[in-house]
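Visitor: Just so it is clear, I am handing over my_file.cif, which has mmCIF, C-alpha atoms.
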```cif
data_coords
loop_
_atom_site.label_atom_id
_atom_site.label_comp_id
_atom_site.auth_asym_id
_atom_site.auth_seq_id
_atom_site.Cartn_x
_atom_site.Cartn_y
_atom_site.Cartn_z
CA LYS A 1245 -8.88 79.76 156.92
CA ASN A 1246 -8.29 78.28 153.45
CA PHE A 1247 -10.98 75.69 154.09
CA VAL A 1248 -13.48 78.39 155.03
CA CYS A 1249 -12.68 80.36 151.86
CA TYR A 1250 -13.05 77.23 149.77
CA LEU A 1251 -16.41 76.46 151.37
CA CYS A 1252 -17.65 79.99 150.74
CA ALA A 1253 -16.61 79.76 147.10
CA ILE A 1254 -18.65 76.56 146.67
CA VAL A 1255 -21.71 78.19 148.25
CA LEU A 1256 -21.41 81.25 146.01
CA LEU A 1257 -21.00 79.09 142.89
CA SER A 1258 -24.05 77.01 143.80
CA GLY A 1259 -26.11 80.15 144.33
CA THR A 1260 -25.01 81.57 140.99
CA ILE A 1261 -25.94 78.38 139.14
CA PHE A 1262 -29.31 78.20 140.85
CA ALA A 1263 -30.08 81.84 140.07
CA TYR A 1264 -29.07 81.37 136.44
CA THR A 1265 -31.08 78.22 135.84
CA SER A 1266 -34.12 79.73 137.56
CA THR A 1267 -34.28 82.53 135.01
CA LEU A 1268 -33.98 80.41 131.87
CA PRO A 1269 -36.64 80.88 129.19
CA THR A 1270 -39.42 78.33 129.08
CA SER A 1271 -39.28 77.73 125.35
CA PRO A 1272 -35.72 76.90 124.28
CA ALA A 1273 -34.85 74.62 121.40
CA LEU A 1274 -34.72 71.73 123.86
CA ARG A 1275 -38.09 71.60 125.52
CA PRO A 1276 -38.94 69.36 128.45
CA SER A 1277 -41.40 66.65 127.62
CA GLY A 1278 -44.30 65.61 129.80
CA ARG A 1279 -41.90 63.46 131.83
CA GLN A 1280 -38.41 64.49 132.81
CA THR A 1281 -35.88 61.98 131.52
CA SER A 1282 -32.15 61.57 131.69
CA LEU A 1283 -29.77 62.79 129.01
CA ARG A 1284 -30.04 59.43 127.32
CA SER A 1285 -32.30 59.14 124.29
CA LYS A 1286 -35.40 57.03 124.29
CA ASP A 1287 -37.05 54.80 121.73
CA SER A 1288 -38.99 56.74 119.13
CA LYS A 1289 -42.20 55.10 120.33
CA GLN A 1290 -42.34 57.69 123.08
CA GLY A 1291 -42.11 60.63 120.77
CA PHE A 1292 -39.87 63.46 121.94
CA HIS A 1293 -37.72 63.11 125.01
CA SER A 1294 -35.32 65.67 126.31
CA CYS A 1295 -33.36 66.54 129.35
CA PRO A 1296 -34.75 68.99 131.89
CA VAL A 1297 -33.79 72.39 130.56
CA SER A 1298 -32.42 73.82 133.79
CA SER A 1299 -30.40 70.65 134.42
CA PHE A 1300 -28.91 70.86 130.93
CA TYR A 1301 -27.73 74.43 131.40
CA ALA A 1302 -26.44 73.76 134.90
CA GLN A 1303 -24.45 70.80 133.60
CA SER A 1304 -23.03 72.98 130.82
CA ILE A 1305 -21.83 75.52 133.38
CA LEU A 1306 -20.28 72.92 135.65
CA ASP A 1307 -18.54 70.95 132.90
CA GLY A 1308 -17.45 73.95 130.87
CA ILE A 1309 -18.58 74.79 127.38
CA ALA A 1310 -15.19 73.87 125.90
CA ARG A 1311 -15.28 70.25 127.02
CA SER A 1312 -16.31 67.43 124.69
CA PRO A 1313 -20.12 67.74 124.74
CA ILE A 1314 -22.62 65.04 125.47
CA ARG A 1315 -24.72 64.52 122.38
CA VAL A 1316 -28.39 64.84 123.26
CA VAL A 1317 -30.46 63.00 120.70
CA LEU A 1318 -34.16 63.68 120.25
CA ARG A 1319 -36.25 61.39 118.16
CA GLY A 1320 -39.57 62.54 116.83
CA GLY A 1321 -42.42 60.41 115.66
CA ASP A 1322 -40.94 60.35 112.16
CA GLY A 1323 -37.67 58.94 113.43
CA ARG A 1324 -35.78 62.12 112.58
CA THR A 1325 -32.87 62.76 114.90
CA GLN A 1326 -31.97 66.18 116.20
CA THR A 1327 -29.17 67.55 118.31
CA SER A 1328 -29.22 70.59 120.51
CA PRO A 1329 -27.59 73.64 118.87
CA SER A 1330 -24.62 73.79 121.24
CA GLN A 1331 -24.00 70.07 120.87
CA SER A 1332 -24.23 69.25 117.19
CA ASN A 1333 -21.31 67.58 115.51
CA ASP A 1334 -18.75 69.95 114.03
CA VAL A 1335 -18.48 70.16 110.27
CA GLY A 1336 -15.42 70.82 108.16
CA PRO A 1337 -12.32 68.99 106.87
CA ASP A 1338 -11.01 68.18 110.35
CA ALA A 1339 -14.35 67.23 111.85
CA GLY A 1340 -13.59 63.50 111.85
CA ASP A 1341 -10.32 63.90 113.72
CA ASN A 1342 -11.85 66.36 116.16
CA ASN A 1343 -14.75 64.04 116.86
CA ALA A 1344 -12.43 61.09 117.40
CA GLU A 1345 -10.30 63.07 119.84
CA GLY A 1346 -13.42 64.38 121.54
CA SER A 1347 -14.83 60.86 121.88
CA GLU A 1348 -11.67 59.60 123.53
CA GLY A 1349 -11.62 62.59 125.86
CA ARG A 1350 -15.26 62.15 126.75
CA LEU A 1351 -14.71 58.44 127.42
CA GLN A 1352 -11.90 59.29 129.81
CA GLN A 1353 -14.16 61.76 131.62
CA LEU A 1354 -16.88 59.13 131.99
CA GLU A 1355 -14.41 56.51 133.20
CA ALA A 1356 -13.12 58.95 135.81
CA ALA A 1357 -16.70 59.71 136.88
CA ILE A 1358 -17.53 56.02 137.24
CA LYS A 1359 -14.57 55.57 139.57
CA ASP A 1360 -15.86 58.34 141.81
CA MET A 1361 -19.49 57.17 141.64
CA PRO A 1362 -19.40 53.43 140.84
CA HIS A 1363 -23.09 52.88 141.63
CA ASP A 1364 -24.59 56.11 140.29
CA PRO A 1365 -27.32 55.10 137.81
CA ASP A 1366 -27.00 58.14 135.55
CA THR A 1367 -23.23 57.81 135.27
CA ILE A 1368 -23.47 54.10 134.47
CA ALA A 1369 -26.18 54.77 131.90
CA ASP A 1370 -24.23 57.60 130.28
CA ILE A 1371 -21.12 55.49 129.76
CA ALA A 1372 -23.19 52.54 128.47
CA GLU A 1373 -24.90 54.72 125.89
CA PHE A 1374 -21.66 56.46 124.94
CA LEU A 1375 -19.96 53.13 124.32
CA ARG A 1376 -22.95 51.98 122.31
CA ASP A 1377 -23.68 55.05 120.20
CA GLU A 1378 -20.34 56.82 119.86
CA MET A 1379 -17.70 54.10 120.22
CA ARG A 1380 -19.82 51.20 118.91
CA ASP A 1381 -18.21 48.93 121.50
CA LEU A 1382 -21.30 46.82 122.07
CA ASP A 1383 -19.70 44.20 124.29
CA GLN A 1384 -18.36 46.77 126.73
CA ALA A 1385 -21.62 48.72 126.57
CA GLU A 1386 -23.51 45.59 127.58
CA VAL A 1387 -21.22 45.19 130.57
CA TYR A 1388 -22.37 48.60 131.81
CA TYR A 1389 -26.04 47.97 131.04
CA LYS A 1390 -25.84 44.86 133.22
CA ARG A 1391 -23.91 46.77 135.86
CA GLY A 1392 -26.63 49.39 135.99
CA ILE A 1393 -29.24 46.78 136.89
CA GLU A 1394 -26.96 44.97 139.32
CA SER A 1395 -26.20 48.23 141.14
CA ASN A 1396 -29.84 49.34 141.15
CA PRO A 1397 -32.03 46.25 140.80
CA ARG A 1398 -35.27 48.27 141.01
CA ASP A 1399 -34.22 50.94 138.50
CA VAL A 1400 -36.94 50.73 135.83
CA THR A 1401 -35.08 53.04 133.43
CA ALA A 1402 -32.00 50.80 133.58
CA MET A 1403 -34.16 47.82 132.66
CA GLU A 1404 -35.75 49.70 129.76
CA ASP A 1405 -32.37 50.87 128.48
CA TYR A 1406 -30.92 47.37 128.55
CA ALA A 1407 -34.07 46.00 126.90
CA ASP A 1408 -33.71 48.54 124.11
CA PHE A 1409 -30.07 47.50 123.66
CA LEU A 1410 -30.96 43.81 123.46
CA ARG A 1411 -33.78 44.54 121.04
CA GLU A 1412 -31.98 46.88 118.67
CA GLU A 1413 -28.38 45.71 118.85
CA ARG A 1414 -28.65 41.99 119.65
CA ARG A 1415 -32.15 41.20 118.36
CA ASP A 1416 -32.60 39.22 121.56
CA LEU A 1417 -36.35 39.69 121.79
CA ASP A 1418 -36.87 37.17 124.57
CA GLY A 1419 -34.28 38.90 126.73
CA ALA A 1420 -35.77 42.31 125.95
CA GLU A 1421 -39.31 41.17 126.78
CA ALA A 1422 -38.17 39.64 130.05
CA LEU A 1423 -36.64 42.96 131.10
CA LEU A 1424 -39.71 44.95 130.08
CA ARG A 1425 -41.98 42.62 132.04
CA ARG A 1426 -39.65 42.88 135.02
CA ALA A 1427 -39.93 46.67 134.79
CA VAL A 1428 -43.74 46.44 134.91
CA GLU A 1429 -43.59 44.07 137.86
CA THR A 1430 -41.24 46.43 139.67
CA ALA A 1431 -43.33 49.55 138.96
CA PRO A 1432 -46.83 48.38 137.95
CA ASN A 1433 -48.18 51.94 137.53
CA ASP A 1434 -45.18 53.46 135.76
CA PRO A 1435 -46.22 55.02 132.42
CA ASP A 1436 -42.91 54.35 130.68
CA ALA A 1437 -42.84 50.72 131.78
CA LEU A 1438 -46.43 50.03 130.71
CA SER A 1439 -46.17 51.88 127.38
CA GLY A 1440 -42.80 50.31 126.67
CA LEU A 1441 -44.12 46.81 127.09
CA ALA A 1442 -47.26 47.67 125.10
CA GLU A 1443 -45.24 48.98 122.17
CA PHE A 1444 -42.97 45.92 122.25
CA LEU A 1445 -45.87 43.48 122.29
CA ASN A 1446 -47.51 45.27 119.39
CA THR A 1447 -44.44 45.82 117.22
CA GLU A 1448 -42.31 42.76 117.88
CA ARG A 1449 -44.84 40.12 118.94
CA ARG A 1450 -47.85 41.41 117.00
CA ASN A 1451 -49.97 40.65 120.04
CA VAL A 1452 -52.40 43.50 119.55
CA ASP A 1453 -54.83 42.47 122.27
CA ALA A 1454 -52.13 42.23 124.93
CA ALA A 1455 -50.69 45.55 123.80
CA GLU A 1456 -54.08 47.23 124.12
CA ASP A 1457 -54.48 45.88 127.65
CA MET A 1458 -51.15 47.44 128.59
CA TYR A 1459 -52.08 50.79 127.05
CA LYS A 1460 -55.38 50.74 128.93
CA ARG A 1461 -53.53 50.13 132.19
CA ALA A 1462 -51.12 52.95 131.42
CA VAL A 1463 -53.98 55.40 130.80
CA GLU A 1464 -55.93 54.19 133.82
CA PHE A 1465 -53.02 54.84 136.17
CA ASN A 1466 -51.78 57.98 134.36
CA PRO A 1467 -54.85 59.78 132.95
CA SER A 1468 -53.03 63.12 132.63
CA ASP A 1469 -49.87 61.83 130.97
CA GLY A 1470 -49.81 63.33 127.48
CA THR A 1471 -47.27 60.85 126.12
CA VAL A 1472 -49.25 57.82 127.29
CA LEU A 1473 -52.51 59.22 125.91
CA CYS A 1474 -50.93 59.98 122.52
CA ASP A 1475 -49.26 56.56 122.38
CA PHE A 1476 -52.59 54.84 122.95
CA ALA A 1477 -54.34 57.13 120.46
CA ARG A 1478 -51.79 56.28 117.76
CA PHE A 1479 -52.20 52.59 118.53
CA LEU A 1480 -55.98 52.83 118.17
CA THR A 1481 -55.63 54.75 114.91
CA VAL A 1482 -53.16 52.37 113.28
CA GLU A 1483 -54.10 48.98 114.71
CA ARG A 1484 -57.82 49.31 115.43
CA ARG A 1485 -58.74 52.04 112.96
CA ASP A 1486 -60.82 53.47 115.80
CA ARG A 1487 -60.58 57.18 115.05
CA ALA A 1488 -63.38 58.13 117.43
CA ARG A 1489 -61.67 56.69 120.50
CA ALA A 1490 -58.34 58.03 119.34
CA GLU A 1491 -59.73 61.55 119.02
CA GLU A 1492 -61.18 61.38 122.53
CA LEU A 1493 -57.74 60.47 123.87
CA TYR A 1494 -56.09 63.33 121.98
CA LYS A 1495 -58.69 65.73 123.37
CA GLN A 1496 -58.05 64.43 126.87
CA ALA A 1497 -54.31 64.85 126.40
CA LEU A 1498 -54.74 68.40 125.12
CA GLU A 1499 -57.14 69.38 127.88
CA ARG A 1500 -54.68 68.27 130.54
CA ASN A 1501 -51.52 69.38 128.72
CA PRO A 1502 -52.54 72.47 126.70
CA HIS A 1503 -48.99 73.67 126.04
CA ASP A 1504 -47.26 70.32 125.51
CA ALA A 1505 -45.69 70.42 122.06
CA ASP A 1506 -45.81 66.64 121.60
CA VAL A 1507 -49.54 66.58 122.28
CA LEU A 1508 -50.19 69.53 119.98
CA LEU A 1509 -48.15 68.07 117.11
CA ASN A 1510 -49.59 64.58 117.42
CA PHE A 1511 -53.18 65.82 117.59
CA ALA A 1512 -52.57 68.20 114.66
CA ALA A 1513 -51.17 65.36 112.55
CA PHE A 1514 -54.19 63.22 113.43
CA LEU A 1515 -56.63 65.94 112.42
CA SER A 1516 -54.77 66.58 109.19
CA ASP A 1517 -54.08 63.00 108.10
CA GLU A 1518 -57.00 61.06 109.52
CA LYS A 1519 -59.87 63.56 109.77
CA ARG A 1520 -58.79 65.92 106.99
CA ASP A 1521 -59.68 68.78 109.34
CA LEU A 1522 -57.03 71.16 108.02
CA ASP A 1523 -58.35 74.23 109.81
CA GLY A 1524 -58.37 72.43 113.15
CA ALA A 1525 -54.88 71.08 112.51
CA GLU A 1526 -53.51 74.53 111.66
CA VAL A 1527 -54.90 75.97 114.89
CA LEU A 1528 -52.89 73.39 116.83
CA TYR A 1529 -49.73 73.92 114.77
CA LYS A 1530 -49.97 77.68 115.41
CA GLN A 1531 -50.45 77.07 119.11
CA ALA A 1532 -47.37 74.83 119.19
CA ALA A 1533 -45.29 77.44 117.34
CA GLU A 1534 -46.42 80.15 119.75
CA SER A 1535 -45.59 78.02 122.78
CA TRP A 1536 -42.27 76.74 121.39
CA PRO A 1537 -41.08 79.40 118.91
CA HIS A 1538 -37.55 78.01 118.59
CA ASP A 1539 -38.22 74.28 118.60
CA PRO A 1540 -36.92 72.73 115.34
CA GLN A 1541 -39.46 69.89 115.30
CA VAL A 1542 -42.39 72.24 115.84
CA LEU A 1543 -41.22 74.58 113.09
CA SER A 1544 -40.49 71.69 110.74
CA ASP A 1545 -43.87 70.04 111.24
CA TYR A 1546 -45.77 73.30 110.83
CA GLY A 1547 -43.71 74.24 107.77
CA ASN A 1548 -44.33 70.90 106.11
CA PHE A 1549 -48.05 71.18 106.85
CA LEU A 1550 -48.18 74.56 105.12
CA LEU A 1551 -46.18 73.19 102.22
CA ARG A 1552 -48.10 69.94 101.79
CA GLU A 1553 -51.65 70.91 102.65
CA ARG A 1554 -51.82 74.65 101.98
CA ARG A 1555 -49.19 75.05 99.29
CA ASN A 1556 -48.14 78.14 101.21
CA LEU A 1557 -44.53 78.37 100.05
CA ASP A 1558 -43.84 81.72 101.69
CA GLY A 1559 -45.17 80.58 105.05
CA ALA A 1560 -43.26 77.31 104.89
CA GLU A 1561 -40.02 79.06 103.96
CA ARG A 1562 -40.38 81.49 106.85
CA LEU A 1563 -40.72 78.60 109.29
CA PHE A 1564 -37.80 76.65 107.83
CA ARG A 1565 -35.59 79.75 107.98
CA ARG A 1566 -36.71 80.45 111.54
CA SER A 1567 -35.70 76.92 112.49
CA VAL A 1568 -32.21 77.40 111.05
CA GLU A 1569 -31.80 80.81 112.68
CA SER A 1570 -32.88 79.46 116.07
CA ASN A 1571 -30.79 76.29 115.74
CA PRO A 1572 -27.82 77.20 113.52
CA ARG A 1573 -25.96 73.95 114.14
CA ASP A 1574 -28.93 71.66 113.60
CA ALA A 1575 -27.98 69.71 110.47
CA ASP A 1576 -31.55 68.50 109.86
CA ALA A 1577 -32.94 72.04 109.91
CA ALA A 1578 -30.29 73.24 107.45
CA GLU A 1579 -30.85 70.28 105.12
CA GLU A 1580 -34.60 70.80 105.19
CA LEU A 1581 -34.28 74.45 104.21
CA ASP A 1582 -31.78 73.62 101.48
CA ALA A 1583 -34.04 70.93 100.04
CA PHE A 1584 -36.99 73.31 100.07
CA LEU A 1585 -35.05 76.03 98.27
CA ARG A 1586 -33.72 73.63 95.63
CA LYS A 1587 -37.01 71.86 94.96
CA GLU A 1588 -39.88 74.24 95.63
CA ARG A 1589 -38.43 77.58 94.61
CA ARG A 1590 -37.25 76.15 91.31
CA ARG A 1591 -40.90 75.67 90.34
CA ARG A 1592 -41.66 79.38 90.57
#
```
What does this structure look like when you write it as structure tokens?

Guide:
Amino acid sequence: KNFVCYLCAIVLLSGTIFAYTSTLPTSPALRPSGRQTSLRSKDSKQGFHSCPVSSFYAQSILDGIARSPIRVVLRGGDGRTQTSPSQSNDVGPDAGDNNAEGSEGRLQQLEAAIKDMPHDPDTIADIAEFLRDEMRDLDQAEVYYKRGIESNPRDVTAMEDYADFLREERRDLDGAEALLRRAVETAPNDPDALSGLAEFLNTERRNVDAAEDMYKRAVEFNPSDGTVLCDFARFLTVERRDRARAEELYKQALERNPHDADVLLNFAAFLSDEKRDLDGAEVLYKQAAESWPHDPQVLSDYGNFLLRERRNLDGAERLFRRSVESNPRDADAAEELDAFLRKERRRR
């Protein structure tokens, strides 16, 4: 009888979670990118990356809001880091102690999870990144990066994560390149694998021709992928100074992903900076703000456009304040508004 009651409780809980996540708004502060990725952050070359929204909320319900949160880091094209409102670091005199205690508690949770699921790729990746980013235990983090590949030898994401670790933390470029090439061999049509190797060849090896070949392959196999199209367009703009081809790629990305914030922001920046088409850029910024009204990066980019190109102080301030109101624990949003108020309003 107790077993039956327990089973019914699980079924009811699962139904509740499913019903809740199915009704979530489509434009929260954390928006899904063109590709769904894990909770781990990605290299800034790929623009924004975030967890699937429904998965994030479901995980919050299951783990409990009071537990030590996973820090979800988003990196925009400018390298600015953001954290989701419910997951930002606490501030105050005891913040350091609280964070230290929270880190130890979170590590214990991850270690317990790895015992239950020793070969689960997401669990292995989470503990590797936690050890790397939060604990700064690089040797132990590398043990888990290797374990991720050993447990799942065809896991392209595990290869990319370990390559990023070797590149950024060890400066082992040969090791990183070998992993990125292995990822392409394992999944020859995968957009992340192809773009990742292309960016590496361009940035680290300065092999522009080889990088362009990889980008072409990525677009050929993934002609509707907004991230791939924007990556190639940026490459053509910066390395080839081929604005015409770049604009065609942005148009293709927008046509196939009309509400993708990354595509809208990247194309808007291109029109503003490269073409000096300010009216066209503002149309795209407005469209992004309408589609993602609470997204801090969207509001920041649009606000800075109004400030820099239009000298519209009132419009910029409204957007900066909206960003803070929508994301009250986003330190970057608060700092941006404070800097605006101190610098720009003093001139009036």

Visitor: Using the chain letters and numbering of this document, enumerate as a ChimeraX atom specification the residues selected by the PyMOL selection byres ((chain A and resi 1402) around 10).

Guide: /A:1365-1366,1368-1369,1389-1401,1403-1408,1423,1427

Visitor: If we count all atoms listed in the file and set the cut-off at 9 Å, which residues sit around Arg1565 of chain A, ignoring sequence neighbours fewer than 6 positions away in its own chain? Please answer as JSON, numbers by chain.

Guide: {"A": [1577, 1578, 1581]}

Visitor: Applied to this file, what does the PyMOL selection byres ((chain A and resi 1433) around 9) return in terms of residues, put as a JSON list (two decimals) with C-alpha atoms, in the coordinates of the input?

Guide:
```
[["chain", "number", "residue", "atom", "x", "y", "z"],
["A", 1428, "VAL", "CA", -43.74, 46.44, 134.91],
["A", 1431, "ALA", "CA", -43.33, 49.55, 138.96],
["A", 1432, "PRO", "CA", -46.83, 48.38, 137.95],
["A", 1434, "ASP", "CA", -45.18, 53.46, 135.76],
["A", 1435, "PRO", "CA", -46.22, 55.02, 132.42],
["A", 1436, "ASP", "CA", -42.91, 54.35, 130.68],
["A", 1437, "ALA", "CA", -42.84, 50.72, 131.78],
["A", 1438, "LEU", "CA", -46.43, 50.03, 130.71],
["A", 1461, "ARG", "CA", -53.53, 50.13, 132.19],
["A", 1462, "ALA", "CA", -51.12, 52.95, 131.42],
["A", 1464, "GLU", "CA", -55.93, 54.19, 133.82],
["A", 1465, "PHE", "CA", -53.02, 54.84, 136.17],
["A", 1466, "ASN", "CA", -51.78, 57.98, 134.36]]
```

Visitor: Carefully work through the PyMOL selection byres ((chain A and resi 1409) around 12) for this structure and note down the residues it includes, as a ChimeraX atom specification.

Guide: /A:1285-1287,1369,1372-1373,1375-1377,1380,1382-1383,1385-1390,1402-1408,1410-1417,1419-1421,1423-1424

Visitor: So, with all atoms listed in the file as the atoms that count, which of A:Glu1499, A:Glu1448, A:Glu1443, A:Asp1558 lies closest to Phe1479 of chain A?

Guide: A:Glu1443

Visitor: Which residue gives the smallest distance to Gly1470 of chain A among A:Leu1563, A:Ala1497, A:Ala1505, A:Val1482, with all atoms listed in the file counted?

Guide: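 Looking at the shortest contact to Gly1470 of chain A, the residue is A:Ala1497.
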
Visitor: Name the closest residue to Glu1491 of chain A among the candidates A:Glu1345, A:Glu1518, A:Glu1588, A:Asp1545; distances are taken between atoms, counting all atoms listed in the file.

Guide: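 Residue with the minimum atom-to-atom distance to Glu1491 of chain A: A:Glu1518.
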
Visitor: What gap, in Å, lies between atom CA of Asp1517 of chain A and atom CA of Leu1557 of chain A?

Guide: 19.8 Å

Visitor: Could you state the separation of atom CA of Glu1526 of chain A and atom CA of Ala1512 of chain A in Å, given to one decimal place?

Guide: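 These two atoms are separated by 7.1 Å.
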
Visitor: Take every atom of segment 1537-1543 of chain A listed in the file, fit an axis-aligned box around them, add 3 Å per side, and give the centre and edge lengths in Å to one decimal as lines of an AutoDock Vina configuration file.

Guide:
```
center_x = -39.7
center_y = 74.6
center_z = 116.0
size_x = 11.5
size_y = 15.5
size_z = 11.8
```

Visitor: Please measure the separation of atom CA of Ala1525 of chain A and atom CA of Ala1513 of chain A, giving the value in Å to one decimal.

Guide: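 Interatomic distance here is 6.8 Å.
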
Visitor: Write out as a ChimeraX atom specification which residues come within 8 Å of segment 1351-1361 of chain A when counting only C-alpha atoms, dropping same-chain ones fewer than 5 positions away.

Guide: /A:1367-1368,1370-1371,1374

Visitor: Output C-alpha atoms of each residue in that selection to a file, as an mmCIF file, in the frame of the given file.

Guide:
```cif
data_model
loop_
_atom_site.group_PDB
_atom_site.id
_atom_site.type_symbol
_atom_site.label_atom_id
_atom_site.label_comp_id
_atom_site.auth_asym_id
_atom_site.auth_seq_id
_atom_site.Cartn_x
_atom_site.Cartn_y
_atom_site.Cartn_z
ATOM 1 C CA THR A 1367 -23.230 57.810 135.270
ATOM 2 C CA ILE A 1368 -23.470 54.100 134.470
ATOM 3 C CA ASP A 1370 -24.230 57.600 130.280
ATOM 4 C CA ILE A 1371 -21.120 55.490 129.760
ATOM 5 C CA PHE A 1374 -21.660 56.460 124.940
#
```
